[in-house]
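**Q** File input_2.txt follows (compact mmCIF, C-alpha atoms):
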# COMPACT_ATOMS: atom_id res chain seq x y z
CA MET A 20 1.16 -9.15 17.05
CA PRO A 21 -0.36 -5.66 16.38
CA ALA A 22 -2.37 -5.47 13.15
CA PRO A 23 -0.18 -2.69 11.60
CA VAL A 24 2.93 -4.86 12.07
CA VAL A 25 1.15 -7.78 10.39
CA PHE A 26 0.30 -5.49 7.47
CA VAL A 27 3.89 -4.35 7.06
CA LEU A 28 5.08 -7.96 6.97
CA SER A 29 2.29 -8.81 4.54
CA GLY A 30 3.15 -5.83 2.34
CA ILE A 31 6.85 -6.68 2.23
CA SER A 32 6.05 -10.21 1.11
CA MET A 33 3.43 -9.06 -1.40
CA TYR A 34 5.51 -6.41 -3.13
CA VAL A 35 8.78 -8.31 -3.14
CA GLY A 36 6.74 -10.90 -5.03
CA ALA A 37 5.39 -8.17 -7.31
CA ALA A 38 8.91 -6.90 -7.99
CA LEU A 39 9.99 -10.43 -8.90
CA ALA A 40 6.95 -10.74 -11.16
CA VAL A 41 8.13 -7.69 -13.14
CA TRP A 42 11.18 -9.72 -14.16
CA LEU A 43 8.87 -12.29 -15.77
CA PHE A 44 7.22 -9.67 -17.99
CA ASP A 45 10.04 -10.08 -20.51
CA VAL A 46 8.95 -13.65 -21.28
CA ALA A 47 5.22 -13.65 -20.43
CA SER A 48 2.32 -11.23 -20.58
CA PRO A 49 1.43 -9.45 -17.30
CA ALA A 50 -1.95 -11.22 -17.26
CA GLY A 51 -0.18 -14.52 -17.89
CA VAL A 52 2.18 -13.90 -14.97
CA ALA A 53 -0.83 -13.14 -12.75
CA TRP A 54 -2.36 -16.47 -13.82
CA LEU A 55 0.90 -18.29 -13.00
CA ARG A 56 0.81 -16.60 -9.60
CA CYS A 57 -2.71 -17.94 -9.11
CA VAL A 58 -1.63 -21.45 -10.13
CA GLY A 59 1.32 -21.37 -7.76
CA ALA A 60 -0.84 -20.19 -4.87
CA ALA A 61 -3.51 -22.81 -5.57
CA LEU A 62 -0.97 -25.65 -5.65
CA ILE A 63 0.69 -24.54 -2.40
CA LEU A 64 -2.59 -23.97 -0.55
CA LEU A 65 -4.20 -27.23 -1.74
CA ALA A 66 -1.12 -29.25 -0.75
CA TRP A 67 -1.05 -27.52 2.63
CA ARG A 68 -4.75 -27.50 3.56
CA ARG A 69 -6.36 -30.36 1.61
CA PRO A 70 -9.94 -29.00 2.05
CA ALA A 71 -12.62 -31.53 3.01
CA ARG A 72 -15.31 -32.58 0.52
CA GLU A 73 -17.94 -30.47 2.25
CA ALA A 74 -15.97 -27.33 1.43
CA TRP A 75 -16.29 -28.04 -2.30
CA ARG A 76 -20.05 -27.69 -2.47
CA GLY A 77 -22.92 -25.49 -1.39
CA ARG A 78 -22.85 -21.90 -0.26
CA ALA A 79 -19.31 -22.08 1.16
CA PHE A 80 -17.97 -23.21 -2.22
CA LEU A 81 -19.83 -20.43 -4.03
CA LEU A 82 -18.43 -17.82 -1.62
CA ALA A 83 -14.89 -19.21 -1.89
CA GLY A 84 -15.06 -19.42 -5.69
CA THR A 85 -16.38 -15.87 -6.05
CA PHE A 86 -13.71 -14.58 -3.68
CA GLY A 87 -10.99 -16.41 -5.59
CA VAL A 88 -12.07 -15.16 -9.02
CA VAL A 89 -12.40 -11.56 -7.79
CA THR A 90 -8.99 -11.73 -6.12
CA ALA A 91 -7.28 -13.28 -9.14
CA GLY A 92 -8.96 -10.72 -11.40
CA MET A 93 -7.63 -7.97 -9.15
CA ASN A 94 -4.14 -9.41 -9.55
CA VAL A 95 -4.46 -9.56 -13.35
CA LEU A 96 -5.48 -5.89 -13.49
CA PHE A 97 -2.73 -4.93 -11.05
CA TYR A 98 -0.02 -6.68 -13.06
CA GLU A 99 -1.22 -4.97 -16.22
CA ALA A 100 -0.94 -1.69 -14.29
CA ILE A 101 2.61 -2.23 -12.94
CA ALA A 102 3.73 -3.18 -16.46
CA ARG A 103 2.94 0.44 -17.38
CA LEU A 104 3.39 2.44 -14.14
CA PRO A 105 5.93 2.56 -11.28
CA LEU A 106 5.06 0.07 -8.53
CA GLY A 107 4.35 2.71 -5.87
CA THR A 108 2.14 4.74 -8.23
CA ALA A 109 0.08 1.72 -9.28
CA VAL A 110 -0.50 0.64 -5.68
CA ALA A 111 -1.47 4.16 -4.65
CA LEU A 112 -4.06 4.42 -7.44
CA GLU A 113 -5.33 0.94 -6.61
CA PHE A 114 -5.93 2.13 -3.07
CA VAL A 115 -9.01 4.08 -4.20
CA GLY A 116 -10.96 0.85 -3.54
CA PRO A 117 -10.01 0.51 0.15
CA VAL A 118 -10.53 4.26 0.65
CA VAL A 119 -14.15 3.92 -0.52
CA VAL A 120 -14.71 0.94 1.80
CA ALA A 121 -13.17 2.85 4.71
CA ALA A 122 -15.30 5.92 3.93
CA VAL A 123 -18.48 3.86 4.06
CA GLY A 124 -17.46 2.45 7.44
CA SER A 125 -16.31 5.73 9.04
CA ARG A 126 -18.38 6.72 12.06
CA THR A 127 -16.46 9.25 14.19
CA PRO A 128 -14.54 12.50 13.55
CA ARG A 129 -11.33 10.61 14.32
CA ASP A 130 -12.19 8.05 11.62
CA VAL A 131 -12.85 10.81 9.10
CA GLY A 132 -9.63 12.64 10.01
CA ALA A 133 -7.61 9.46 9.62
CA LEU A 134 -9.25 8.76 6.28
CA VAL A 135 -8.45 12.27 4.99
CA LEU A 136 -4.79 11.90 5.98
CA VAL A 137 -4.60 8.50 4.32
CA ALA A 138 -6.29 9.70 1.12
CA LEU A 139 -4.01 12.75 0.83
CA GLY A 140 -0.97 10.60 1.52
CA VAL A 141 -1.92 8.06 -1.11
CA LEU A 142 -2.45 10.84 -3.67
CA ALA A 143 0.98 12.25 -2.85
CA ILE A 144 2.60 8.82 -3.20
CA ALA A 145 0.89 8.38 -6.55
CA ASP A 146 2.66 11.56 -7.73
CA VAL A 147 -0.11 11.96 -10.35
CA ARG A 148 1.84 10.50 -13.27
CA TRP A 149 -1.35 10.18 -15.33
CA GLU A 150 0.08 11.31 -18.63
CA GLY A 151 2.66 8.52 -18.70
CA SER A 152 0.19 5.72 -19.36
CA PRO A 153 -3.60 6.23 -19.46
CA ALA A 154 -4.00 2.46 -19.90
CA GLY A 155 -1.93 1.87 -16.77
CA VAL A 156 -4.15 4.25 -14.81
CA ALA A 157 -7.27 2.49 -16.13
CA PHE A 158 -5.93 -0.92 -15.11
CA ALA A 159 -4.98 0.41 -11.66
CA LEU A 160 -8.46 1.86 -11.10
CA GLY A 161 -10.02 -1.42 -12.26
CA ALA A 162 -7.85 -3.19 -9.71
CA ALA A 163 -9.09 -0.64 -7.13
CA ALA A 164 -12.70 -1.69 -7.70
CA ALA A 165 -11.72 -5.33 -7.36
CA TRP A 166 -9.73 -4.55 -4.18
CA GLY A 167 -12.84 -3.04 -2.59
CA ALA A 168 -14.77 -6.20 -3.43
CA TYR A 169 -11.88 -8.28 -2.05
CA ILE A 170 -12.22 -6.57 1.35
CA VAL A 171 -15.97 -7.15 1.55
CA LEU A 172 -15.79 -10.77 0.37
CA GLY A 173 -12.65 -11.47 2.40
CA ARG A 174 -14.41 -10.42 5.59
CA ARG A 175 -17.26 -12.83 4.83
CA VAL A 176 -14.83 -15.65 4.10
CA ALA A 177 -12.93 -14.97 7.33
CA LEU A 178 -16.07 -14.96 9.47
CA GLY A 179 -18.46 -17.31 7.69
CA GLY A 180 -16.41 -19.45 5.34
CA ASN A 181 -13.74 -22.06 5.93
CA GLY A 182 -10.88 -19.62 6.39
CA ILE A 183 -7.67 -20.62 4.68
CA ASP A 184 -9.38 -23.68 3.18
CA SER A 185 -11.61 -21.23 1.32
CA LEU A 186 -8.50 -19.51 -0.04
CA ALA A 187 -7.28 -22.83 -1.44
CA ILE A 188 -10.63 -23.55 -3.08
CA GLY A 189 -10.99 -20.00 -4.35
CA PHE A 190 -7.64 -19.96 -6.13
CA ALA A 191 -8.29 -23.42 -7.57
CA VAL A 192 -11.56 -22.13 -9.06
CA ALA A 193 -9.87 -18.95 -10.30
CA THR A 194 -7.13 -21.00 -11.98
CA VAL A 195 -9.76 -22.83 -14.03
CA VAL A 196 -11.92 -19.76 -14.78
CA LEU A 197 -8.92 -17.70 -15.93
CA SER A 198 -7.19 -20.58 -17.73
CA PRO A 199 -7.41 -18.84 -21.17
CA LEU A 200 -4.63 -16.56 -19.88
CA VAL A 201 -2.24 -19.51 -20.22
CA VAL A 202 -1.65 -18.42 -23.83
CA GLY A 203 0.53 -15.62 -22.52
CA THR A 204 2.83 -18.00 -20.62
CA THR A 205 4.13 -20.37 -23.32
CA ALA A 206 7.78 -19.29 -22.97
CA VAL A 207 7.77 -20.02 -19.23
CA TRP A 208 6.88 -23.73 -19.40
CA ALA A 209 10.18 -24.69 -21.05
CA ARG A 210 12.22 -22.98 -18.31
CA PRO A 211 12.28 -24.72 -14.89
CA ASP A 212 13.95 -21.66 -13.37
CA LEU A 213 11.13 -19.40 -14.54
CA LEU A 214 8.49 -21.86 -13.33
CA THR A 215 10.18 -21.90 -9.93
CA LEU A 216 10.19 -18.10 -9.92
CA ALA A 217 6.48 -18.08 -10.80
CA VAL A 218 5.66 -20.43 -7.90
CA GLY A 219 7.77 -18.18 -5.64
CA VAL A 220 5.71 -15.19 -6.78
CA GLY A 221 2.56 -17.12 -5.87
CA LEU A 222 3.96 -17.86 -2.41
CA LEU A 223 5.21 -14.35 -1.67
CA SER A 224 2.44 -12.32 -3.31
CA THR A 225 -0.57 -14.52 -2.58
CA VAL A 226 -0.17 -17.27 0.02
CA VAL A 227 1.68 -15.28 2.71
CA PRO A 228 -0.19 -11.94 2.49
CA TYR A 229 -3.69 -13.37 1.98
CA VAL A 230 -3.31 -15.83 4.85
CA LEU A 231 -2.22 -12.90 7.04
CA ASP A 232 -5.22 -10.90 5.76
CA GLN A 233 -7.55 -13.65 6.94
CA THR A 234 -6.10 -13.52 10.46
CA VAL A 235 -6.44 -9.72 10.60
CA LEU A 236 -9.98 -9.71 9.17
CA ARG A 237 -11.10 -11.87 12.07
CA ARG A 238 -9.71 -9.36 14.55
CA VAL A 239 -10.64 -5.94 13.14
CA GLY A 240 -13.63 -4.37 11.42
CA GLN A 241 -13.95 -3.97 7.68
CA ALA A 242 -13.39 -0.19 7.80
CA ARG A 243 -10.27 -0.40 9.97
CA PHE A 244 -8.90 -3.15 7.77
CA ALA A 245 -9.34 -0.88 4.74
CA VAL A 246 -7.46 1.97 6.45
CA LEU A 247 -4.65 -0.34 7.54
CA LEU A 248 -4.24 -1.29 3.90
CA ALA A 249 -2.82 2.22 3.43
CA LEU A 250 0.42 0.79 4.75
CA LEU A 251 0.72 -1.16 1.50
CA PRO A 252 1.44 1.85 -0.78
CA VAL A 253 4.16 2.86 1.67
CA THR A 254 5.63 -0.65 1.60
CA ALA A 255 5.36 -0.75 -2.19
CA ALA A 256 7.26 2.54 -2.51
CA VAL A 257 10.04 1.18 -0.27
CA VAL A 258 10.23 -2.15 -2.13
CA GLY A 259 10.18 -0.30 -5.47
CA PHE A 260 13.15 1.73 -4.29
CA VAL A 261 15.17 -1.20 -2.91
CA VAL A 262 14.45 -3.81 -5.58
CA LEU A 263 13.60 -1.82 -8.72
CA ARG A 264 15.55 1.38 -7.98
CA GLN A 265 12.40 3.51 -8.35
CA VAL A 266 13.38 6.54 -6.21
CA PRO A 267 10.46 8.32 -4.44
CA GLY A 268 10.28 12.10 -4.78
CA PRO A 269 9.65 14.68 -2.04
CA GLY A 270 5.88 14.51 -2.57
CA GLU A 271 5.90 10.75 -2.18
CA ALA A 272 7.96 11.05 1.01
CA LEU A 273 5.40 13.47 2.47
CA GLY A 274 2.66 11.08 1.38
CA ILE A 275 4.31 8.25 3.30
CA VAL A 276 4.36 10.41 6.45
CA ALA A 277 0.65 11.28 6.00
CA VAL A 278 -0.33 7.64 5.51
CA VAL A 279 1.54 6.50 8.60
CA ALA A 280 -0.07 9.32 10.63
CA GLY A 281 -3.54 8.40 9.37
CA VAL A 282 -3.08 4.72 10.14
CA ALA A 283 -1.77 5.55 13.62
CA LEU A 284 -4.80 7.80 14.28
CA ARG A 285 -7.27 5.17 13.07
CA SER A 286 -5.51 2.38 14.97
CA PHE A 287 -6.41 4.02 18.29
CA SER A 288 -10.14 3.85 17.48
CA ARG A 289 -12.38 0.80 17.53
CA GLY A 290 -13.80 -1.19 14.64
Turn the structure described in the file into structure tokens.
**A**
Amino acid sequence: MPAPVVFVLSGISMYVGAALAVWLFDVASPAGVAWLRCVGAALILLAWRRPAREAWRGRAFLLAGTFGVVTAGMNVLFYEAIARLPLGTAVALEFVGPVVVAAVGSRTPRDVGALVLVALGVLAIADVRWEGSPAGVAFALGAAAAWGAYIVLGRRVALGGNGIDSLAIGFAVATVVLSPLVVGTTAVWARPDLLTLAVGVGLLSTVVPYVLDQTVLRRVGQARFAVLLALLPVTAAVVGFVVLRQVPGPGEALGIVAVVAGVALRSFSRG
């Protein structure tokens, strides 16, 4: 399956999960919901993979644990952002991280042209709603830094770690490290329906997209992976419209066209 198609499927799963997570914000803090997402993902992945003892020690464990904590931290910052900003805007601002990674890995004029199209498109999708919530913008940019680290660490996990087993270990470690966030989830534990929803968020927003990320990271270079991630703001804008009724404006529509053009241009080059 072509990598861009995998990313669209991954993005749909991820942001449908994010839209569902917004519904939990009425009963739990955004950071608490992100922690519940981490717990759900860890439980599903551990039950599925059952990593061997060797994976729980040494350098592989350190890499998996670091990757898991960085990824879960990215999710905490992102949820704090979407509690204050429209989904498409938050994702577009968060994309600063992948843009930096792609810029570092650009080698040819075609790469640079694709990157410029993607960056302009993401800015247009963001619609520069800075004045609405400075805190939301700050959280989104923090998530951007973590997303850049996720790409770099994710590539190492895909090539040198234990693949999906490392995801299971990483989210188990992150669940423990971020366990103080449980204080923001007290209302959820008495509601089986909300707990089920939280596990569903973990499945849709973490297990499915991050497993797909691992398969793509083995096939494409770090820079191309970062550019392909530009499909996620587009997917987020569509999901925000369908699920949350957040209607994109003309600028955002033009941004979507620019992102798709940039991804198409970059997809024809190597790396």
**Q** May I ask which of the residues A:Leu82, A:Leu247, A:Ala157, A:Ala60 is the closest one to Leu178 (chain A), counting only C-alpha atoms?
**A**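 Closest candidate: A:Leu82.
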**Q** How close does each residue of region 183-203 of chain A get to region 209-233 of chain A, giving the shortest atom pair and distance in Å to one decimal for every residue with an atom at most 10 Å away, counting only C-alpha atoms, sorted by chain and residue number, as JSON lines?
**A**
{"residue": "A:Ile183", "atom": "CA", "partner": "A:Val230", "partner_atom": "CA", "distance": 6.5}
{"residue": "A:Leu186", "atom": "CA", "partner": "A:Val230", "partner_atom": "CA", "distance": 8.0}
{"residue": "A:Ala187", "atom": "CA", "partner": "A:Val226", "partner_atom": "CA", "distance": 9.1}
{"residue": "A:Phe190", "atom": "CA", "partner": "A:Thr225", "partner_atom": "CA", "distance": 9.6}
**Q** Pick the closest to Ala122 (chain A) from A:Val27, A:Ala66, A:Arg243, A:Val195: which is it, counting all atoms listed in the file?
**A**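 For Ala122 (chain A), the nearest of the candidates is A:Arg243.
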**Q** My list of candidates is A:Leu39, A:Val88, A:Val119, A:Val192. Which is closest to Val52 (chain A) when distances are computed with all atoms listed in the file?
**A** A:Leu39
**Q** Can you pull out the residues contacting Ala50 (chain A)? Cut-off 7 Å, using only C-alpha atoms, and skip same-chain residues under 5 positions away; I want them as a PyMOL selection string.
**A** chain A and resi 95+98-99+200
**Q** Can you pull out the residues contacting Pro49 (chain A)? Cut-off 9 Å, using all atoms listed in the file, and skip same-chain residues under 5 positions away; I want them as a ChimeraX atom specification.
**A** /A:40-41,43-44,54,95-102,203
**Q** Using only C-alpha atoms, find the one residue out of A:Leu142, A:Ala280, A:Gly87, A:Trp208 that sits nearest to Thr108 (chain A).
**A**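 Nearest to Thr108 (chain A): A:Leu142.
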